[in-house]
$ cat work_34.cif   # mmCIF, C-alpha atoms
data_data
#
loop_
_atom_site.label_atom_id
_atom_site.label_comp_id
_atom_site.auth_asym_id
_atom_site.auth_seq_id
_atom_site.Cartn_x
_atom_site.Cartn_y
_atom_site.Cartn_z
CA MET V 1 62.22 36.40 156.04
CA THR V 2 65.89 35.88 157.00
CA ILE V 3 66.12 39.46 158.26
CA LYS V 4 63.01 38.98 160.37
CA LYS V 5 64.24 35.75 161.98
CA SER V 6 67.69 37.24 162.69
CA MET V 7 66.18 40.33 164.30
CA GLN V 8 63.78 38.30 166.43
CA LYS V 9 66.59 35.98 167.53
CA THR V 10 68.81 38.89 168.58
CA ILE V 11 66.01 40.55 170.56
CA PHE V 12 65.03 37.24 172.13
CA ILE V 13 68.60 36.50 173.30
CA PHE V 14 69.01 40.02 174.69
CA LEU V 15 65.78 39.83 176.69
CA LEU V 16 66.65 36.35 177.94
CA ALA V 17 70.04 37.57 179.21
CA LEU V 18 68.43 40.60 180.82
CA PHE V 19 65.81 38.48 182.54
CA LEU V 20 68.23 35.87 183.84
CA SER V 21 70.70 38.51 185.09
CA ALA V 22 67.93 39.90 187.32
CA MET V 23 67.50 36.54 189.09
CA PRO V 24 68.99 36.37 192.61
CA VAL V 25 72.26 34.50 192.92
CA PHE V 26 71.49 32.10 195.73
CA ALA V 27 74.69 30.07 195.47
CA GLU V 28 76.81 32.92 196.84
CA LYS V 29 74.71 33.46 199.95
CA GLN V 30 76.26 32.30 203.24
CA ALA V 31 74.37 31.59 206.43
CA PRO V 32 75.38 33.44 209.65
CA ASN V 33 77.43 31.42 212.15
CA ASN V 34 74.85 31.72 214.91
CA VAL V 35 71.97 30.20 212.91
CA PRO V 36 71.23 26.50 213.61
CA GLU V 37 72.17 24.08 210.83
CA ARG V 38 68.56 22.81 210.57
CA LEU V 39 67.32 26.33 209.82
CA ILE V 40 70.08 26.84 207.28
CA ILE V 41 69.09 23.64 205.45
CA ASN V 42 65.40 24.59 205.48
CA SER V 43 66.25 28.05 204.21
CA ASP V 44 68.35 26.57 201.39
CA ILE V 45 65.50 24.22 200.42
CA GLU V 46 63.01 27.10 200.29
CA GLU V 47 65.40 29.18 198.18
CA ALA V 48 66.02 26.22 195.85
CA GLU V 49 62.28 25.79 195.43
CA GLU V 50 61.93 29.51 194.62
CA VAL V 51 64.69 29.24 192.02
CA GLU V 52 63.04 26.17 190.50
CA GLU V 53 59.70 28.02 190.31
CA ILE V 54 61.33 31.02 188.63
CA ILE V 55 63.03 28.76 186.08
CA ASP V 56 59.74 26.97 185.39
CA ASN V 57 58.06 30.32 184.73
CA THR V 58 60.90 31.68 182.59
CA GLY V 59 59.56 30.06 179.41
CA GLU V 60 56.14 31.64 179.89
CA VAL V 61 57.63 35.08 180.61
CA LEU V 62 59.87 34.96 177.56
CA GLU V 63 56.96 33.82 175.40
CA GLU V 64 54.94 36.83 176.58
CA ILE V 65 57.88 39.15 175.84
CA GLN V 66 58.21 37.68 172.35
CA ASN V 67 54.47 38.15 171.74
CA VAL V 68 54.86 41.84 172.53
CA VAL V 69 58.06 42.39 170.55
CA GLU V 70 57.26 40.37 167.44
CA PRO V 71 54.31 42.44 166.12
CA ILE V 72 56.32 45.67 166.45
CA PHE V 73 59.44 44.55 164.62
CA GLY V 74 57.56 42.09 162.40
CA ALA V 75 55.45 44.86 160.86
CA GLN V 76 58.55 46.94 160.11
CA VAL V 77 60.29 44.01 158.44
CA GLN V 78 57.16 43.15 156.45
CA ASN V 79 56.98 46.72 155.09
CA GLN V 80 60.66 46.56 154.13
CA GLU V 81 60.11 43.25 152.33
CA GLN V 82 57.11 44.66 150.43
CA GLU V 83 59.15 47.69 149.38
CA GLN V 84 61.89 45.38 148.09
CA GLU V 85 59.31 43.38 146.12
CA LEU V 86 58.03 46.62 144.56
CA GLY V 87 61.57 47.61 143.62
CA VAL V 88 61.34 50.91 145.51
CA SER V 89 64.39 52.96 146.43
CA LYS V 90 64.37 56.20 148.46
CA ALA V 91 64.84 59.52 146.67
CA ARG V 92 67.60 61.75 148.04
CA ASN V 93 66.19 65.00 146.65
CA THR V 94 63.26 66.45 144.71
CA ASN V 95 64.92 66.19 141.29
CA GLN V 96 65.65 62.52 141.83
CA LEU V 97 62.07 61.95 142.94
CA ARG V 98 60.79 63.55 139.72
CA GLU V 99 63.06 61.30 137.68
CA MET V 100 61.85 58.24 139.58
CA ILE V 101 58.21 59.19 138.92
CA GLN V 102 58.87 59.53 135.18
CA THR V 103 60.74 56.20 135.14
CA LYS V 104 57.83 54.49 136.89
CA LYS V 105 55.34 55.98 134.41
CA ALA V 106 57.37 54.63 131.49
CA GLU V 107 57.66 51.23 133.18
CA LEU V 108 53.91 50.98 133.78
CA LYS V 109 53.18 52.04 130.20
CA SER V 110 55.58 49.42 128.88
CA GLU V 111 53.87 46.72 130.97
CA LEU V 112 50.60 47.35 129.13
CA ASN V 113 52.13 45.96 125.93
CA GLU V 114 52.60 42.61 127.67
CA PHE V 115 48.83 42.09 127.96
CA LYS V 116 47.28 40.47 124.89
CA SER V 117 43.77 41.21 126.12
CA GLU V 118 42.43 44.70 125.43
CA LEU V 119 40.31 44.34 128.54
CA GLN V 120 43.35 43.86 130.77
CA GLN V 121 45.12 46.76 129.10
CA LYS V 122 42.12 48.98 129.78
CA VAL V 123 41.81 47.94 133.44
CA PHE V 124 45.52 48.31 134.19
CA ARG V 125 45.72 51.62 132.28
CA ASN V 126 42.95 53.00 134.49
CA GLN V 127 44.47 51.81 137.75
CA ASN V 128 48.12 52.52 136.98
CA THR V 129 47.58 55.96 138.53
CA ILE V 130 47.26 54.21 141.91
CA ARG V 131 50.42 52.18 141.35
CA GLU V 132 52.29 55.33 140.35
CA ALA V 133 51.08 57.12 143.49
CA VAL V 134 52.14 54.20 145.70
CA HIS V 135 55.62 54.27 144.18
CA THR V 136 55.86 58.05 144.66
CA PHE V 137 54.86 57.96 148.33
CA LEU V 138 57.26 55.13 149.13
CA SER V 139 60.13 56.81 147.27
CA SER V 140 59.58 60.14 149.06
CA GLU V 141 59.68 58.69 152.59
CA ASP V 142 63.06 60.23 153.49
CA LEU V 143 62.11 63.63 152.05
CA ILE V 144 59.01 64.31 154.13
CA GLY V 145 60.40 64.06 157.64
CA GLY V 146 58.72 62.40 160.59
CA ILE V 147 55.53 61.50 158.74
CA GLY V 148 57.43 59.48 156.12
CA LYS V 149 56.69 56.17 157.85
CA GLN V 150 52.97 56.95 158.16
CA VAL V 151 52.73 57.91 154.49
CA SER V 152 54.59 54.73 153.49
CA GLU V 153 52.23 52.57 155.55
CA ILE V 154 49.20 54.12 153.83
CA ALA V 155 50.90 53.60 150.46
CA GLN V 156 51.42 49.91 151.28
CA GLU V 157 47.70 49.62 152.10
CA PHE V 158 46.87 51.15 148.72
CA ASN V 159 49.22 48.70 147.03
CA ASN V 160 47.36 45.79 148.64
CA SER V 161 44.03 47.35 147.72
CA VAL V 162 44.85 47.91 144.05
CA GLN V 163 45.20 44.15 143.51
CA LYS V 164 41.62 43.71 144.75
CA THR V 165 40.18 46.59 142.73
CA ILE V 166 41.89 45.40 139.53
CA GLN V 167 40.39 41.91 139.95
CA ALA V 168 36.96 43.39 140.69
CA GLU V 169 37.04 45.71 137.67
CA GLU V 170 38.19 42.87 135.39
CA LYS V 171 35.28 40.72 136.55
CA ILE V 172 32.78 43.54 135.99
CA GLN V 173 34.16 44.45 132.55
CA LYS V 174 34.21 40.81 131.41
CA ARG V 175 30.44 40.42 131.59
CA SER V 176 29.04 41.16 128.13
CA LYS V 177 26.39 43.80 127.46
CA PHE V 178 23.97 41.10 126.34
CA ILE V 179 24.30 39.15 129.62
CA LYS V 180 23.92 42.37 131.58
CA PHE V 181 20.77 43.12 129.56
CA LEU V 182 19.36 39.72 130.57
CA ILE V 183 20.43 39.27 134.21
CA GLY V 184 21.99 42.58 135.22
CA GLY V 185 25.40 43.49 136.56
CA VAL V 186 27.88 41.56 138.72
CA LYS V 187 26.34 42.91 141.91
CA ASP V 188 28.37 40.98 144.52
CA THR V 189 31.67 42.05 142.97
CA ALA V 190 30.40 45.62 142.57
CA GLN V 191 29.46 45.75 146.26
CA GLU V 192 32.92 44.50 147.23
CA LEU V 193 34.49 47.12 144.97
CA LYS V 194 32.35 49.84 146.54
CA GLN V 195 33.45 48.81 150.05
CA GLU V 196 37.09 48.89 148.98
CA VAL V 197 36.61 52.35 147.50
CA LEU V 198 35.10 53.62 150.76
CA LYS V 199 38.11 52.31 152.72
CA ASN V 200 40.48 53.95 150.23
CA LYS V 201 38.69 57.28 150.53
CA GLU V 202 39.31 57.18 154.27
CA LYS V 203 43.02 56.62 153.59
CA ILE V 204 43.00 59.59 151.22
CA GLN V 205 41.59 61.77 153.99
CA GLU V 206 44.45 60.58 156.23
CA LEU V 207 46.95 61.59 153.56
CA LYS V 208 45.30 64.99 153.18
CA GLY V 209 45.49 65.54 156.93
CA LEU V 210 49.18 64.65 156.99
CA GLU V 211 49.84 66.82 153.93
CA GLU V 212 48.09 69.89 155.37
CA GLN V 213 49.85 69.71 158.72
CA ASN V 214 53.34 68.54 157.84
CA PHE V 215 54.36 69.04 154.18
CA THR V 216 56.57 72.12 154.26
CA GLN V 217 58.73 72.04 151.13
CA THR V 218 56.75 73.54 148.26
CA GLU V 219 58.10 71.26 145.51
CA ILE V 220 57.54 68.05 147.48
CA LYS V 221 54.12 69.28 148.56
CA GLU V 222 53.04 69.91 144.95
CA LEU V 223 54.26 66.50 143.82
CA LEU V 224 52.46 64.65 146.58
CA GLN V 225 49.29 66.74 146.24
CA GLU V 226 49.16 65.72 142.58
CA GLN V 227 49.39 62.06 143.54
CA ILE V 228 46.67 62.47 146.17
CA GLN V 229 44.41 64.05 143.52
CA ASN V 230 45.14 61.13 141.17
CA LEU V 231 44.17 58.68 143.91
CA GLU V 232 40.97 60.59 144.58
CA GLN V 233 39.96 60.75 140.91
CA GLU V 234 40.56 57.03 140.45
CA GLN V 235 38.53 56.13 143.55
CA ASN V 236 35.67 58.33 142.26
CA ARG V 237 35.80 56.50 138.93
CA LEU V 238 35.75 53.09 140.62
CA GLY V 239 32.90 54.19 142.88
CA GLN V 240 30.84 55.28 139.87
CA LEU V 241 31.63 52.00 138.12
CA ALA V 242 30.41 50.04 141.15
CA ASP V 243 27.21 52.09 141.51
CA LYS V 244 26.42 51.73 137.81
CA GLU V 245 26.94 47.96 137.96
CA ILE V 246 24.71 47.62 141.03
CA SER V 247 21.92 49.58 139.32
CA LYS V 248 21.83 47.23 136.29
CA LYS V 249 19.01 44.80 137.09
CA GLY V 250 18.53 43.21 133.65
CA ILE V 251 15.23 42.26 132.05
CA PHE V 252 14.76 39.22 134.32
CA GLY V 253 15.43 41.32 137.39
CA TRP V 254 12.88 43.84 136.17
CA LEU V 255 10.27 41.07 135.65
CA ILE V 256 10.92 39.61 139.10
CA ASN V 257 10.39 43.03 140.70
CA LEU V 258 7.23 43.50 138.65
CA PHE V 259 5.59 40.42 140.17
CA LYS V 260 6.70 41.06 143.74
#
$ encode --input "work_34.cif" --output "structure tokens"
Amino acid sequence: MTIKKSMQKTIFIFLLALFLSAMPVFAEKQAPNNVPERLIINSDIEEAEEVEEIIDNTGEVLEEIQNVVEPIFGAQVQNQEQEQELGVSKARNTNQLREMIQTKKAELKSELNEFKSELQQKVFRNQNTIREAVHTFLSSEDLIGGIGKQVSEIAQEFNNSVQKTIQAEEKIQKRSKFIKFLIGGVKDTAQELKQEVLKNKEKIQELKGLEEQNFTQTEIKELLQEQIQNLEQEQNRLGQLADKEISKKGIFGWLINLFK
């Protein structure tokens, strides 16, 4: 947050200086000798009132400028902060990117041992493909030219989404088969998961469009295509999980429908 505040302060000061420098300098103006003193005084009063009005409005103008500038630079800083939290560094070449992918795989696999619950291990094992893809896209930003920022933004959206899909899958998997037999699946959570999957599939189509039009280096293209396929397969799995959960009505649900 320190970077963000410093950047905003610098921009704010620059714009303030630029705005104030454009104001007319009334103090240096001199009245012609042939103008009556009464008119000179009236003119000075009018100019003073104009200056006062401009000063009064300065705060509002600067506030509007800040409202325009802040979202632009704020979003960039937020993405940088998220990348730092994820521990992502930028690959300098294809070989380094491959090494970083393998390192991330090993790291994610090692994390599974920290979960005592088999359920959590299962859920995270399934969705680690998304986390690996996110890491790959963020790490490759400097290697894929002008679309690097767009790809990174989509990757950040997937990173935010994976937290939601993990929670949803955990909730669905926690319900026992016996409870599902009686009252059916966790339908609300399954619906939320399905909506998240639909959003993610739209992001995948964006990635495919960027990949088809802009990925030129064969090695990089193959690496990123593999990650896109992994994302697609995982979203298909989650979509099937959601549909299956929604379809489970349970014996009580079946009886209720019978008497409708």
$ residues_around --input "work_34.cif" --residues "Ser247 of chain V" --least-positions-apart "5" --cutoff "9 Å" --atoms "all atoms listed in the file" --output "VMD selection string"
chain V and resid 184 to 185 187 242
$ write_last_selection --input "work_34.cif" --atoms "C-alpha atoms" --output "PDB file, in the frame of the given file"
ATOM      1  CA  GLY V 184      21.990  42.580 135.220  1.00  0.00           C
ATOM      2  CA  GLY V 185      25.400  43.490 136.560  1.00  0.00           C
ATOM      3  CA  LYS V 187      26.340  42.910 141.910  1.00  0.00           C
ATOM      4  CA  ALA V 242      30.410  50.040 141.150  1.00  0.00           C
TER       5      ALA V 242
END
$ atom_distance --input "work_34.cif" --atom1 "atom CA of Leu238 of chain V" --atom2 "atom CA of Lys122 of chain V"
13.2 Å
$ atom_distance --input "work_34.cif" --atom1 "atom CA of Asn230 of chain V" --atom2 "atom CA of Gln163 of chain V"
17.1 Å
$ atom_distance --input "work_34.cif" --atom1 "atom CA of Ile204 of chain V" --atom2 "atom CA of Glu222 of chain V"
15.7 Å
$ closest_residue --input "work_34.cif" --among "V:Gly239, V:Gly209, V:Gly250, V:Gly148" --to "Glu192 of chain V" --atoms "all atoms listed in the file"
V:Gly239
$ resolve_selection --input "work_34.cif" --expression "the PyMOL selection byres ((chain V and resi 151) around 9)" --output "compact mmCIF listing (two decimals) with C-alpha atoms, in the frame of the given file"
# COMPACT_ATOMS: atom_id res chain seq x y z
CA PHE V 137 54.86 57.96 148.33
CA LEU V 138 57.26 55.13 149.13
CA GLU V 141 59.68 58.69 152.59
CA ILE V 144 59.01 64.31 154.13
CA ILE V 147 55.53 61.50 158.74
CA GLY V 148 57.43 59.48 156.12
CA LYS V 149 56.69 56.17 157.85
CA GLN V 150 52.97 56.95 158.16
CA SER V 152 54.59 54.73 153.49
CA GLU V 153 52.23 52.57 155.55
CA ILE V 154 49.20 54.12 153.83
CA ALA V 155 50.90 53.60 150.46
CA GLN V 156 51.42 49.91 151.28
CA GLU V 206 44.45 60.58 156.23
CA LEU V 207 46.95 61.59 153.56
CA LEU V 210 49.18 64.65 156.99
$ resolve_selection --input "work_34.cif" --expression "the PyMOL selection byres ((chain V and resi 186) around 12)" --output "number ranges by chain"
V: 168-177, 179-185, 187-193, 241-250
$ write_last_selection --input "work_34.cif" --atoms "C-alpha atoms" --output "mmCIF file, in the coordinates of the input"
data_model
loop_
_atom_site.group_PDB
_atom_site.id
_atom_site.type_symbol
_atom_site.label_atom_id
_atom_site.label_comp_id
_atom_site.auth_asym_id
_atom_site.auth_seq_id
_atom_site.Cartn_x
_atom_site.Cartn_y
_atom_site.Cartn_z
ATOM 1 C CA ALA V 168 36.960 43.390 140.690
ATOM 2 C CA GLU V 169 37.040 45.710 137.670
ATOM 3 C CA GLU V 170 38.190 42.870 135.390
ATOM 4 C CA LYS V 171 35.280 40.720 136.550
ATOM 5 C CA ILE V 172 32.780 43.540 135.990
ATOM 6 C CA GLN V 173 34.160 44.450 132.550
ATOM 7 C CA LYS V 174 34.210 40.810 131.410
ATOM 8 C CA ARG V 175 30.440 40.420 131.590
ATOM 9 C CA SER V 176 29.040 41.160 128.130
ATOM 10 C CA LYS V 177 26.390 43.800 127.460
ATOM 11 C CA ILE V 179 24.300 39.150 129.620
ATOM 12 C CA LYS V 180 23.920 42.370 131.580
ATOM 13 C CA PHE V 181 20.770 43.120 129.560
ATOM 14 C CA LEU V 182 19.360 39.720 130.570
ATOM 15 C CA ILE V 183 20.430 39.270 134.210
ATOM 16 C CA GLY V 184 21.990 42.580 135.220
ATOM 17 C CA GLY V 185 25.400 43.490 136.560
ATOM 18 C CA LYS V 187 26.340 42.910 141.910
ATOM 19 C CA ASP V 188 28.370 40.980 144.520
ATOM 20 C CA THR V 189 31.670 42.050 142.970
ATOM 21 C CA ALA V 190 30.400 45.620 142.570
ATOM 22 C CA GLN V 191 29.460 45.750 146.260
ATOM 23 C CA GLU V 192 32.920 44.500 147.230
ATOM 24 C CA LEU V 193 34.490 47.120 144.970
ATOM 25 C CA LEU V 241 31.630 52.000 138.120
ATOM 26 C CA ALA V 242 30.410 50.040 141.150
ATOM 27 C CA ASP V 243 27.210 52.090 141.510
ATOM 28 C CA LYS V 244 26.420 51.730 137.810
ATOM 29 C CA GLU V 245 26.940 47.960 137.960
ATOM 30 C CA ILE V 246 24.710 47.620 141.030
ATOM 31 C CA SER V 247 21.920 49.580 139.320
ATOM 32 C CA LYS V 248 21.830 47.230 136.290
ATOM 33 C CA LYS V 249 19.010 44.800 137.090
ATOM 34 C CA GLY V 250 18.530 43.210 133.650
#
$ resolve_selection --input "work_34.cif" --expression "the PyMOL selection byres ((chain V and resi 134) around 12)" --output "MDAnalysis selection string"
chainID V and resid 82:83 86:88 101 104:105 127:133 135:141 151:162 204 207 224 227:228 230:231
$ residues_around --input "work_34.cif" --residues "Leu97 of chain V" --least-positions-apart "2" --cutoff "10 Å" --atoms "only C-alpha atoms" --output "list in words"
Ser89, Lys90, Ala91, Arg92, Asn93, Thr94, Asn95, Glu99, Met100, Ile101, Gln102, Thr103, Thr136, Phe137, Ser139, Ser140, Leu143, Ile220 and Leu223 of chain V
$ decode --input "work_34.cif" --residues "segment 159-226 of chain V" --atoms "C-alpha atoms" --output "short mmCIF file (atom, residue, chain, number, x, y, z; two decimals), in the first residue's frame"
data_model
loop_
_atom_site.label_atom_id
_atom_site.label_comp_id
_atom_site.auth_asym_id
_atom_site.auth_seq_id
_atom_site.Cartn_x
_atom_site.Cartn_y
_atom_site.Cartn_z
CA ASN V 159 -6.51 -16.73 -8.90
CA ASN V 160 -9.41 -14.94 -7.20
CA SER V 161 -11.86 -17.45 -8.64
CA VAL V 162 -9.97 -20.55 -7.49
CA GLN V 163 -10.47 -19.56 -3.85
CA LYS V 164 -14.24 -19.57 -4.43
CA THR V 165 -14.30 -22.85 -6.35
CA ILE V 166 -12.17 -24.60 -3.71
CA GLN V 167 -14.56 -23.51 -0.95
CA ALA V 168 -17.57 -24.60 -3.02
CA GLU V 169 -16.09 -28.01 -3.83
CA GLU V 170 -15.14 -28.57 -0.17
CA LYS V 171 -18.71 -27.82 0.90
CA ILE V 172 -20.15 -30.18 -1.71
CA GLN V 173 -17.72 -33.00 -0.91
CA LYS V 174 -18.30 -32.67 2.85
CA ARG V 175 -21.96 -33.69 2.64
CA SER V 176 -22.14 -37.44 3.26
CA LYS V 177 -23.75 -39.88 0.83
CA PHE V 178 -26.39 -40.73 3.42
CA ILE V 179 -27.46 -37.08 3.84
CA LYS V 180 -27.50 -36.66 0.07
CA PHE V 181 -29.70 -39.77 -0.15
CA LEU V 182 -32.16 -38.18 2.29
CA ILE V 183 -32.25 -34.49 1.30
CA GLY V 184 -30.22 -34.25 -1.89
CA GLY V 185 -27.17 -32.23 -2.85
CA VAL V 186 -25.95 -28.81 -1.70
CA LYS V 187 -27.88 -27.06 -4.46
CA ASP V 188 -27.19 -23.40 -3.56
CA THR V 189 -23.43 -23.98 -3.46
CA ALA V 190 -23.59 -26.05 -6.65
CA GLN V 191 -25.42 -23.22 -8.44
CA GLU V 192 -22.78 -20.72 -7.29
CA LEU V 193 -20.04 -23.07 -8.49
CA LYS V 194 -21.75 -23.43 -11.87
CA GLN V 195 -21.94 -19.64 -12.28
CA GLU V 196 -18.25 -19.32 -11.44
CA VAL V 197 -17.41 -22.01 -13.98
CA LEU V 198 -19.36 -20.16 -16.69
CA LYS V 199 -17.41 -16.96 -15.96
CA ASN V 200 -14.14 -18.87 -16.08
CA LYS V 201 -15.02 -20.43 -19.42
CA GLU V 202 -15.47 -16.93 -20.83
CA LYS V 203 -11.99 -16.03 -19.56
CA ILE V 204 -10.60 -19.16 -21.23
CA GLN V 205 -12.09 -18.02 -24.54
CA GLU V 206 -10.34 -14.66 -24.06
CA LEU V 207 -7.04 -16.46 -23.51
CA LYS V 208 -7.60 -18.58 -26.61
CA GLY V 209 -8.29 -15.46 -28.67
CA LEU V 210 -5.10 -13.81 -27.42
CA GLU V 211 -3.12 -17.01 -28.00
CA GLU V 212 -4.34 -17.47 -31.59
CA GLN V 213 -3.64 -13.89 -32.61
CA ASN V 214 -0.47 -13.02 -30.74
CA PHE V 215 1.58 -16.01 -29.52
CA THR V 216 4.41 -16.28 -32.04
CA GLN V 217 7.23 -18.21 -30.38
CA THR V 218 6.54 -21.92 -30.76
CA GLU V 219 7.94 -23.02 -27.39
CA ILE V 220 6.07 -20.36 -25.41
CA LYS V 221 2.92 -21.06 -27.41
CA GLU V 222 3.05 -24.78 -26.59
CA LEU V 223 3.60 -24.12 -22.89
CA LEU V 224 0.72 -21.69 -22.62
CA GLN V 225 -1.60 -23.84 -24.76
CA GLU V 226 -1.00 -26.69 -22.32
#
